[in-house]
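Below is one structure, written out as structure tokens; comments come after it.
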Amino acid sequence: MVKLPANIHLINMKEEIKTPKIFGIGETVYDIIFKDGIPKAAKPGGSVLNAMVSLGRTNLPVYFISEFGRDDVGSLIDKFLADNGVDTSFSYHYPDANTSLAIAFLNDKNDARYTFYKDFPARRLDVEFPLIKKGDIVLCGSFYAIWDEIRPKFTEFLGRAKKSEALILYDPNFRKSHISDLALLKPLIMENIAMADIVRGSDEDFRNIFGAGNADEAWEAIKDYCNCLVYTASAEGVFVRTRSCSCFFQVKKIKPVSTIGAGDNFNAGIVCAIVNNEICRDDLALMGEEKWNMIIPTGVEFASEVCLSYDNYIGFAFARRYFSASSDHI
């Protein structure tokens, strides 16, 4: 177990609601999106942030653990998150560096290529972490989950969540730009997979990490570490692999405006469905196709909705379809 740094304190949270609390831990950036050399949109971004905003819009209790500056961009992000029901009490608002920027260039398929501008302070993620309770949900992933500078704090938090029997969803979101460091990063990815209850990744993720060419090969690579794989393969569909279930789900055929946030919102959709259908952590490895059919289509709907605009999150009108279901639990 990694020793908890001296400047990290765990605090109790009042149990004010019956719905499981949803905690996301991930990077915060400000996305500026270009298409054909023309800026099309600017908005808060980051893999886990995108999912948290969508979940906040469905009225679920959402808490975001992250870090960004007290600069003008950071202030925009803080207000945006608050306006969308995302609690940032556990985010570090650092005073001595600027909020990170991500410049996204969309190609002819509207897939994004990124250039990042990052300016971090010496002290990272200097926050009080929440005490996670049994039944809560933790969403984590991307490079933030294997970042050397915050790794001890991240693993301590995730280890405590696992010990508390929270449901942990991990999305490796591992891109080609990091393949040159795979030998160093893969052991960290495997540690995260071993702590997760659901690993949700794309075909690209598993190809980059394991050289896997399909869902069965990806499952073979992780089955000794995690009991549940959700493998998304773009237009090909979604594959679920557990020790008791092997099933496939089709996806909607759409013409995307932007694919930014598609995977992030797929994650948000399955978390929303898990909460609304009162599915517990211990259910996952035992569920058959009938119960997965209560989860995966919602992930597909969330992802499809996001691809139809330059937003990184589901729209308010779309979110209202799930609002009444989630608010019944509050």
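Residues in the structure tokens are numbered from 1 in each chain, the chains being A, B, ... in the order shown, and ligands are numbered from 1 in the order shown.
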Can you pull out every residue from stretch 90-323 of chain A that DSSP, working from the backbone, puts in helix (DSSP H, G or I), and format the result as a count of residues only? 104
Can you list, as a short mmCIF file (atom, residue, chain, number, x, y, z; two decimals) with C-alpha atoms, in the first residue's frame, every protein, DNA or RNA residue that comes within 9 Å of A:Ser66 when you count only C-alpha atoms, leaving out same-chain residues fewer than 5 positions away?
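In the end it all went to result11.cif:
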```cif
data_model
loop_
_atom_site.label_atom_id
_atom_site.label_comp_id
_atom_site.auth_asym_id
_atom_site.auth_seq_id
_atom_site.Cartn_x
_atom_site.Cartn_y
_atom_site.Cartn_z
CA GLY A 24 -14.81 11.11 -10.69
CA ILE A 25 -11.06 11.66 -10.51
CA GLY A 26 -9.36 13.00 -13.61
CA GLU A 27 -7.74 15.83 -15.50
CA THR A 28 -9.28 19.22 -16.21
CA LEU A 49 -14.92 15.82 -16.44
CA THR A 88 -15.85 20.62 -6.92
CA PHE A 90 -12.54 18.05 -3.66
CA SER A 91 -10.81 19.80 -6.58
CA TYR A 92 -7.56 21.70 -6.06
CA HIS A 93 -7.77 25.31 -7.27
CA LEU A 125 -3.81 17.54 -6.26
CA VAL A 127 -6.94 18.34 -1.62
#
```
Taking a cut-off of 9 Å and counting only C-alpha atoms, can you build a table that, for each residue of stretch 61-117 of chain A near stretch 247-264 of chain A, reports the nearest atom pair and how far apart they are in Å (one decimal), sorted by chain then residue number, as CSV?
```
residue,atom,partner,partner_atom,distance
A:Ala104,CA,A:Ile260,CA,8.7
A:Leu106,CA,A:Ser258,CA,7.3
A:Lys109,CA,A:Pro256,CA,7.9
A:Asn110,CA,A:Ser258,CA,4.9
A:Asp111,CA,A:Thr259,CA,5.5
A:Ala112,CA,A:Ile260,CA,6.6
```
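Proximity ranking of A:Ile295, A:Ile209, A:Leu229, A:Ala161 relative to A:Ile279 places A:Ile295 first, based on only C-alpha atoms.
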Name the residues in contact with A:Ile22 at a cut-off of 6 Å, using only C-alpha atoms, excluding same-chain residues fewer than 2 positions from it; report them as a ChimeraX atom specification. /A:62,137-138
Please identify which residues in stretch 233-315 of chain A DSSP calls strand (DSSP E) from the backbone, and express them as a PDB file with C-alpha atoms, in the first residue's frame.
```
ATOM      1  CA  VAL A 238     -20.161  -3.169 -27.935  1.00  0.00           C
ATOM      2  CA  PHE A 239     -18.947  -6.454 -26.452  1.00  0.00           C
ATOM      3  CA  VAL A 240     -19.355  -7.527 -22.827  1.00  0.00           C
ATOM      4  CA  ARG A 241     -17.190 -10.256 -21.349  1.00  0.00           C
ATOM      5  CA  THR A 242     -17.466 -11.647 -17.825  1.00  0.00           C
ATOM      6  CA  SER A 246     -20.444 -13.098 -23.398  1.00  0.00           C
ATOM      7  CA  CYS A 247     -22.730 -10.798 -25.328  1.00  0.00           C
ATOM      8  CA  PHE A 248     -22.838  -8.236 -28.121  1.00  0.00           C
ATOM      9  CA  PHE A 249     -24.805  -5.015 -28.630  1.00  0.00           C
TER      10      PHE A 249
END
```
What separates atom CA of A:Ala82 and atom CA of A:Pro130 is a distance of 18.1 Å
List as a ChimeraX atom specification the protein and nucleic acid residues near A:Ser164, meaning an atom at most 6 Å away when only C-alpha atoms are counted, but skip any in the same chain fewer than 2 places from it. /A:133-134,161-162,166
Atomic separation - atom CA of A:Phe143 relative to atom CA of A:Asn98, Å: 19.4 Å
Would you mind listing what lies within 8 Å of A:Gly85 as a PyMOL selection string, with only C-alpha atoms counted and same-chain residues fewer than 2 positions away left out? chain A and resi 53+56-57+59+61-62+81-83+87
Output C-alpha atoms of each residue in that selection to a file, as a CSV table (one decimal), in the first residue's frame.
```csv
chain,number,residue,atom,x,y,z
A,53,VAL,CA,-21.0,17.0,-16.4
A,56,GLY,CA,-24.7,16.1,-13.2
A,57,ARG,CA,-27.2,17.0,-15.8
A,59,ASN,CA,-29.5,15.1,-11.4
A,61,PRO,CA,-25.0,13.4,-7.0
A,62,VAL,CA,-21.7,14.0,-8.6
A,81,LEU,CA,-19.3,22.7,-13.3
A,82,ALA,CA,-21.3,24.3,-10.5
A,83,ASP,CA,-24.1,25.3,-13.0
A,87,ASP,CA,-19.5,19.5,-6.8
```
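Here atom CA of A:Arg70 stands at a distance of 8.0 Å from atom CA of A:Ala97.
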